Amino acid sequence: MKREQYIASTTDKEILKKGECGGVVTSLLKFALESKRVDAVVAVKARNGNRYDGVPVLISEPGKVIETAGALHCTSPNIARYVKEYMDGASGLKVAIVVKPCDAKAIIELAKRNQIKLDNLILIGLNCTGTLPSVRAEKMMREVFGIDPADVSAEDIDDDKLVITLADGTRKEKRLTEIEEQGYGRRENCRRCETNIPIMADIACGKWGTSDKSTTFVQVYTEKGADLIDAAVSAGYISVTQPEPEAVQVRRKKDDDAIQMAKRWQERDFSSLKQMNINQRFGYWFSQFARCIKCYGCRDACPICYCKDCHLEADRGLVPPGEIPPDVMFPMVRITHVMDSCVNCGQCQDVCTMELPLSRLIFLLNIELQDIFKYQPGRDIGQLPPLRTVTDQELSLSGVDVTF
């Protein structure tokens with residue numbers, strides 16, 4: 001299909017006032033519910049008005065959608081895991097889901113494993129150059145910006161700047177690279193991420209290519225997305241115009257600049273490791289993973305881990321009942337299990353009580369596997385993960401017992 005592009009804005013004054021960048025996403029969610037195209041929507045809402053405590057919510061009443069309007073940069077809910085766990089058994093439910101690129105990729109990977117049915121979902125993607133860890137973000141507001149975190153009404157990341165808007169309209173900004181050199185700023189995995197526009201969603205929405213905060217640049221990627229946009233326009237929920245060529249170029253340049261910044265972070269994170277010989281690398285990672293306390297937090301947070309019977313549990317045969325796994329076995333087995341399909345969401349590292357660099361190793365291995373198998377996780381629903389394409393003959397020759 002032709003990938004349509006629009007400059008769009010909501011026609012709802014209340015949503016425009018509370019929303020961000022034209023309020024298009026909120027209006028699309030409201031339209032989807034009121035037109036009965038979906039039974040519910042999944043979005044993120046600030047719990048009790050706290051911008052640092054965003055939680056995923058399932059909404060079926062159109063009037064409540066406005067509660068999710070506006071961007072929350074200082075939170076990163078596990079949307080894919082939420083959808084998989086809490087909608088399990090409700091496969092007939094039609095849902096519109098607001099997703100960042102990593103959320104969309106994780107949902108697609110789960111669909112490949114028959115854990116989610118994409119036919120019943122509409123993925124409304126948000127452009128994203130990274131989110132900030134909640135606790136550290138509050139500390140950053142106090143120590144770097146010199147403000148009360150509760151006074152923040154909005155955050156914005158653009159052109160290597162972090163811009164903070166206070167409730168009284170005051171704006172404060174600092175260079176993002178400088179902040180991150182101090183140990184603040186975006187989550188580690190976000191700094192390395194090259195996927196800023198969710199091209200794997202049905203539509204992608206963002207500010208890049210717009211001239212003011214009253215509009216959204218929308219790109220349609222699927223027939224499902226095109227149908228939603230066309231119907232919302234016809235029903236008068238949003239208005240659209242065609243973007244000027246300059247706007248398209250600006251959007252492309254913003255994406256290219258963000259990708260180059262991600263590559264610089266990758267070089268910084270991995271340059272010292274690449275200089276090590278293989279024994280030094282093993283020594284480094286083994287010393288890190290020797291600190292693992294086997295809390296299962298990374299496994300339980302990972303959207304790709306879905307096995308009902310985990311072989312790392314004590315009664316599954318890999319580890320005898322009553323025994324504790326060897327120091328490095330748990331993280332190494334789990335990383336081996338998911339590294340071909342990791343979407344770089346960083347949820348594993350977020351929840352690690354020992355602050356192990358889990359996403360760093362998985363990202364590094366995933367990049368190497370992409371070069372070998374030419375497989376990019378979460379991009380194409382028609383492309384199966386490498387181990388899903390192994391033939392029975394290949395498995396029998398390898399002597400490996402693999403079940404999916």
# chains A, B, ... in the order shown; residues from 1 in each chain; ligands from 1
$ select_by_dssp --residues "region 131-274 of chain A" --states "alpha helix (DSSP H)" --output "number ranges by chain"
A: 134-143, 176-181, 188-192, 223-234, 245-274
$ residues_around --residues "Glu14 (chain A)" --least-positions-apart "6" --cutoff "12 Å" --atoms "only C-alpha atoms" --output "PyMOL selection string"
chain A and resi 20+22-23+26-27+63+65-67+69
$ closest_residue --among "A:Thr210, A:Gln349, A:Gln280, A:Gln275" --to "Gly297 (chain A)" --atoms "only C-alpha atoms"
A:Gln349
$ select_by_dssp --residues "region 129-195 of chain A" --states "strand (DSSP E)" --output "list of chain:residue names"
A:Val152, A:Ser153, A:Ala154, A:Glu155, A:Asp156, A:Ile157, A:Asp158, A:Lys161, A:Leu162, A:Val163, A:Ile164, A:Thr165, A:Leu166, A:Arg171, A:Lys172, A:Glu173, A:Lys174, A:Arg175
$ closest_residue --among "A:Val44, A:Leu365, A:Cys302, A:Ala71" --to "Val351 (chain A)" --atoms "only C-alpha atoms"
A:Cys302
$ atom_distance --atom1 "CA of Gly54 (chain A)" --atom2 "CA of Ala150 (chain A)"
14.1 Å
$ atom_distance --atom1 "CA of Val98 (chain A)" --atom2 "CA of Pro245 (chain A)"
27.4 Å
$ closest_residue --among "A:Val333, A:Val95, A:Leu166, A:Leu312" --to "Asp119 (chain A)" --atoms "only C-alpha atoms"
A:Val95
$ residues_around --residues "region 29-41 of chain A" --least-positions-apart "6" --cutoff "8 Å" --atoms "only C-alpha atoms" --output "PyMOL selection string"
chain A and resi 58-63+65+93-98+228+232+237
$ closest_residue --among "A:Arg136, A:Ile324, A:Cys190, A:Val248" --to "Ser211 (chain A)" --atoms "only C-alpha atoms"
A:Val248
$ closest_residue --among "A:Ile238, A:Leu361, A:Thr216, A:Ala167" --to "Arg281 (chain A)" --atoms "only C-alpha atoms"
A:Leu361
$ atom_distance --atom1 "CA of Gly283 (chain A)" --atom2 "CA of Arg268 (chain A)"
19.9 Å
$ decode --residues "region 158-187 of chain A" --atoms "N, CA and C atoms" --output "mmCIF file, in the first residue's frame"
data_model
loop_
_atom_site.group_PDB
_atom_site.id
_atom_site.type_symbol
_atom_site.label_atom_id
_atom_site.label_comp_id
_atom_site.auth_asym_id
_atom_site.auth_seq_id
_atom_site.Cartn_x
_atom_site.Cartn_y
_atom_site.Cartn_z
ATOM 1 N N ASP A 158 14.843 16.771 22.173
ATOM 2 C CA ASP A 158 14.975 17.097 20.752
ATOM 3 C C ASP A 158 16.301 17.807 20.509
ATOM 4 N N ASP A 159 16.957 17.488 19.391
ATOM 5 C CA ASP A 159 18.204 18.162 19.006
ATOM 6 C C ASP A 159 19.231 18.173 20.128
ATOM 7 N N ASP A 160 19.415 17.033 20.774
ATOM 8 C CA ASP A 160 20.386 16.905 21.861
ATOM 9 C C ASP A 160 20.093 17.867 23.010
ATOM 10 N N LYS A 161 18.820 18.147 23.217
ATOM 11 C CA LYS A 161 18.414 18.991 24.336
ATOM 12 C C LYS A 161 17.313 18.311 25.138
ATOM 13 N N LEU A 162 17.379 18.477 26.453
ATOM 14 C CA LEU A 162 16.287 18.065 27.324
ATOM 15 C C LEU A 162 15.647 19.338 27.836
ATOM 16 N N VAL A 163 14.397 19.557 27.450
ATOM 17 C CA VAL A 163 13.678 20.780 27.803
ATOM 18 C C VAL A 163 12.607 20.447 28.839
ATOM 19 N N ILE A 164 12.646 21.158 29.952
ATOM 20 C CA ILE A 164 11.683 20.957 31.035
ATOM 21 C C ILE A 164 10.760 22.169 31.115
ATOM 22 N N THR A 165 9.452 21.932 31.133
ATOM 23 C CA THR A 165 8.475 23.006 31.283
ATOM 24 C C THR A 165 7.817 22.887 32.654
ATOM 25 N N LEU A 166 7.780 23.994 33.382
ATOM 26 C CA LEU A 166 7.187 24.014 34.712
ATOM 27 C C LEU A 166 5.721 24.426 34.635
ATOM 28 N N ALA A 167 5.027 24.240 35.737
ATOM 29 C CA ALA A 167 3.595 24.522 35.772
ATOM 30 C C ALA A 167 3.283 25.976 35.466
ATOM 31 N N ASP A 168 4.202 26.885 35.793
ATOM 32 C CA ASP A 168 3.966 28.314 35.530
ATOM 33 C C ASP A 168 4.379 28.728 34.123
ATOM 34 N N GLY A 169 4.780 27.757 33.291
ATOM 35 C CA GLY A 169 5.169 28.049 31.916
ATOM 36 C C GLY A 169 6.652 28.279 31.723
ATOM 37 N N THR A 170 7.417 28.352 32.799
ATOM 38 C CA THR A 170 8.862 28.538 32.704
ATOM 39 C C THR A 170 9.509 27.332 32.025
ATOM 40 N N ARG A 171 10.472 27.599 31.141
ATOM 41 C CA ARG A 171 11.177 26.519 30.440
ATOM 42 C C ARG A 171 12.646 26.518 30.839
ATOM 43 N N LYS A 172 13.165 25.344 31.105
ATOM 44 C CA LYS A 172 14.578 25.159 31.395
ATOM 45 C C LYS A 172 15.114 24.082 30.477
ATOM 46 N N GLU A 173 16.294 24.290 29.944
ATOM 47 C CA GLU A 173 16.850 23.280 29.047
ATOM 48 C C GLU A 173 18.344 23.090 29.284
ATOM 49 N N LYS A 174 18.806 21.891 29.020
ATOM 50 C CA LYS A 174 20.207 21.547 29.114
ATOM 51 C C LYS A 174 20.555 20.578 27.997
ATOM 52 N N ARG A 175 21.812 20.564 27.652
ATOM 53 C CA ARG A 175 22.275 19.660 26.594
ATOM 54 C C ARG A 175 22.185 18.223 27.080
ATOM 55 N N LEU A 176 21.511 17.388 26.308
ATOM 56 C CA LEU A 176 21.260 16.010 26.716
ATOM 57 C C LEU A 176 22.564 15.235 26.895
ATOM 58 N N THR A 177 23.499 15.395 25.967
ATOM 59 C CA THR A 177 24.773 14.673 26.062
ATOM 60 C C THR A 177 25.497 15.030 27.351
ATOM 61 N N GLU A 178 25.469 16.300 27.716
ATOM 62 C CA GLU A 178 26.132 16.750 28.941
ATOM 63 C C GLU A 178 25.497 16.125 30.171
ATOM 64 N N ILE A 179 24.170 16.058 30.190
ATOM 65 C CA ILE A 179 23.454 15.454 31.323
ATOM 66 C C ILE A 179 23.795 13.976 31.434
ATOM 67 N N GLU A 180 23.843 13.297 30.286
ATOM 68 C CA GLU A 180 24.100 11.860 30.301
ATOM 69 C C GLU A 180 25.541 11.545 30.666
ATOM 70 N N GLU A 181 26.444 12.466 30.402
ATOM 71 C CA GLU A 181 27.826 12.296 30.855
ATOM 72 C C GLU A 181 27.884 12.290 32.386
ATOM 73 N N GLN A 182 26.904 12.936 33.026
ATOM 74 C CA GLN A 182 26.849 13.004 34.482
ATOM 75 C C GLN A 182 26.097 11.821 35.092
ATOM 76 N N GLY A 183 25.624 10.911 34.245
ATOM 77 C CA GLY A 183 24.921 9.733 34.743
ATOM 78 C C GLY A 183 23.417 9.895 34.825
ATOM 79 N N TYR A 184 22.889 10.989 34.262
ATOM 80 C CA TYR A 184 21.437 11.200 34.243
ATOM 81 C C TYR A 184 20.933 11.015 32.810
ATOM 82 N N GLY A 185 19.769 11.545 32.525
ATOM 83 C CA GLY A 185 19.235 11.446 31.171
ATOM 84 C C GLY A 185 18.511 10.143 30.919
ATOM 85 N N ARG A 186 18.606 9.672 29.687
ATOM 86 C CA ARG A 186 17.809 8.525 29.254
ATOM 87 C C ARG A 186 18.318 7.201 29.823
ATOM 88 N N ARG A 187 17.441 6.212 29.788
ATOM 89 C CA ARG A 187 17.814 4.861 30.175
ATOM 90 C C ARG A 187 18.918 4.378 29.241
#
